[in-house]
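Source file work.pdb; content: PDB, C-alpha atoms.
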```pdb
ATOM      1  CA  MET A   1      -6.015 -10.750   6.889
ATOM      2  CA  ASN A   2      -7.457 -12.412   3.832
ATOM      3  CA  PRO A   3      -7.407 -16.163   4.563
ATOM      4  CA  THR A   4      -6.715 -17.039   0.934
ATOM      5  CA  GLY A   5      -3.370 -15.231   0.960
ATOM      6  CA  PRO A   6      -1.763 -12.170  -0.619
ATOM      7  CA  SER A   7      -1.604 -13.661  -4.113
ATOM      8  CA  THR A   8      -5.395 -13.444  -4.424
ATOM      9  CA  LEU A   9      -5.682  -9.786  -3.395
ATOM     10  CA  ALA A  10      -6.487  -7.060  -5.919
ATOM     11  CA  TRP A  11      -3.065  -5.344  -5.896
ATOM     12  CA  ARG A  12      -2.693  -1.993  -7.659
ATOM     13  CA  LYS A  13       0.129   0.425  -8.382
ATOM     14  CA  SER A  14       0.080   4.178  -8.633
ATOM     15  CA  ARG A  15      -0.678   5.563 -12.069
ATOM     16  CA  ARG A  16       2.575   7.488 -11.639
ATOM     17  CA  CYS A  17       4.634   4.306 -11.410
ATOM     18  CA  GLU A  18       6.884   4.219 -14.456
ATOM     19  CA  SER A  19       8.941   1.127 -13.621
ATOM     20  CA  SER A  20       8.550  -2.311 -12.126
ATOM     21  CA  THR A  21       9.847  -1.141  -8.729
ATOM     22  CA  CYS A  22       6.736   0.365  -7.197
ATOM     23  CA  VAL A  23       4.709   0.117  -4.042
ATOM     24  CA  GLU A  24       1.446  -1.787  -4.459
ATOM     25  CA  VAL A  25      -1.640  -1.649  -2.240
ATOM     26  CA  ALA A  26      -4.712  -3.851  -1.869
ATOM     27  CA  PRO A  27      -7.850  -3.648   0.261
ATOM     28  CA  VAL A  28      -8.186  -6.381   2.896
ATOM     29  CA  ASP A  29     -11.417  -6.478   4.922
ATOM     30  CA  ARG A  30     -11.230  -3.219   6.942
ATOM     31  CA  ALA A  31      -7.514  -2.764   6.312
ATOM     32  CA  VAL A  32      -4.976  -2.044   3.570
ATOM     33  CA  ALA A  33      -2.100  -4.301   2.541
ATOM     34  CA  MET A  34       1.086  -2.825   1.072
ATOM     35  CA  ARG A  35       4.039  -4.483  -0.656
ATOM     36  CA  ASP A  36       7.097  -3.755  -2.788
ATOM     37  CA  SER A  37       6.486  -4.980  -6.343
ATOM     38  CA  THR A  38      10.035  -6.399  -6.482
ATOM     39  CA  ASP A  39       9.352  -8.661  -3.463
ATOM     40  CA  PRO A  40       5.640  -9.524  -3.647
ATOM     41  CA  ALA A  41       5.803 -12.349  -1.087
ATOM     42  CA  VAL A  42       6.399  -9.845   1.735
ATOM     43  CA  HIS A  43       3.645  -7.429   2.685
ATOM     44  CA  LEU A  44       2.435  -5.270   5.556
ATOM     45  CA  VAL A  45      -1.172  -4.784   6.662
ATOM     46  CA  PHE A  46      -2.434  -1.524   8.173
ATOM     47  CA  ALA A  47      -5.751  -0.810   9.864
ATOM     48  CA  ALA A  48      -7.865   1.508   7.722
ATOM     49  CA  GLY A  49      -7.559   4.397  10.207
ATOM     50  CA  ASP A  50      -3.775   4.100  10.340
ATOM     51  CA  TRP A  51      -3.581   3.983   6.543
ATOM     52  CA  HIS A  52      -5.695   7.128   6.200
ATOM     53  CA  ALA A  53      -3.565   8.906   8.818
ATOM     54  CA  PHE A  54      -0.455   7.957   6.820
ATOM     55  CA  LEU A  55      -1.971   9.287   3.580
ATOM     56  CA  ASP A  56      -2.970  12.517   5.329
ATOM     57  CA  GLY A  57       0.653  12.877   6.500
ATOM     58  CA  VAL A  58       1.962  12.320   2.971
ATOM     59  CA  ARG A  59      -0.415  14.933   1.587
ATOM     60  CA  ALA A  60       0.620  17.376   4.342
ATOM     61  CA  GLY A  61       4.317  16.912   3.509
ATOM     62  CA  GLU A  62       5.229  15.307   6.835
ATOM     63  CA  PHE A  63       7.646  12.899   5.123
ATOM     64  CA  ASP A  64       9.344  15.275   2.701
ATOM     65  CA  GLY A  65      12.575  15.367   4.738
ATOM     66  CA  ARG A  66      12.535  19.107   5.224
TER
END
```
Any chance you could put this one into structure tokens?
Amino acid sequence: MNPTGPSTLAWRKSRRCESSTCVEVAPVDRAVAMRDSTDPAVHLVFAAGDWHAFLDGVRAGEFDGR
């Protein structure tokens, strides 16, 4: 985890975010941090491999609730 804290990370939102209630992500060393923009003090950190596996699952429709 970045020793300077989450407030110094380069957080970004999806270009598709049209409100202030979006998920934000930031690179951290060899990991990815994720937070809810409405509660920026709380965040999760995922290893890079886990994050890429999650994105692959999203792209494959694994979380579409079908």
Each residue of stretch 13-43 of chain A with at least one atom at most 12 Å from stretch 50-57 of chain A should appear once, together with its nearest atom pair and the corresponding distance in Å (one decimal); atoms considered: all atoms listed in the file; ordering: chain, then increasing residue number; output as CSV.
```
residue,atom,partner,partner_atom,distance
A:Val25,CA,A:Trp51,CA,10.6
A:Ala26,CA,A:Trp51,CA,11.6
A:Pro27,CA,A:Trp51,CA,10.8
A:Val28,CA,A:Trp51,CA,11.9
A:Arg30,CA,A:Trp51,CA,10.5
A:Ala31,CA,A:Trp51,CA,7.8
A:Val32,CA,A:Trp51,CA,6.9
A:Ala33,CA,A:Trp51,CA,9.3
A:Met34,CA,A:Trp51,CA,9.9
```
Query raised in the report: Which one is closest to A:Asp36: A:Glu24, A:Asp64, A:Ser14, A:Ser19? Count only C-alpha atoms.
Result: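 Among the listed residues, the smallest separation from A:Asp36 belongs to A:Glu24.
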Query - Surrounding residues of A:Ser37 excluding itself and chain neighbours under 6 positions, 7 Å, all atoms listed in the file, as a list in words - result: Ser20, Thr21, Cys22, Val23 and Glu24 of chain A
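Reported to one decimal place, the separation of atom CA of A:Gly65 from atom CA of A:Arg12 is 26.2 Å.
Between atom CA of A:Arg59 and atom CA of A:Thr38 lies a distance of 25.1 Å.
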Report summary line: note - atom CA of A:Ala41 and atom CA of A:Arg15 are separated by 22.0 Å
Query raised in the report: Once the PyMOL selection byres ((chain A and resi 44) around 8) has been applied to the shown file, what residues remain in the selection, as a PyMOL selection string?
Result: chain A and resi 33-35+42-43+45-46
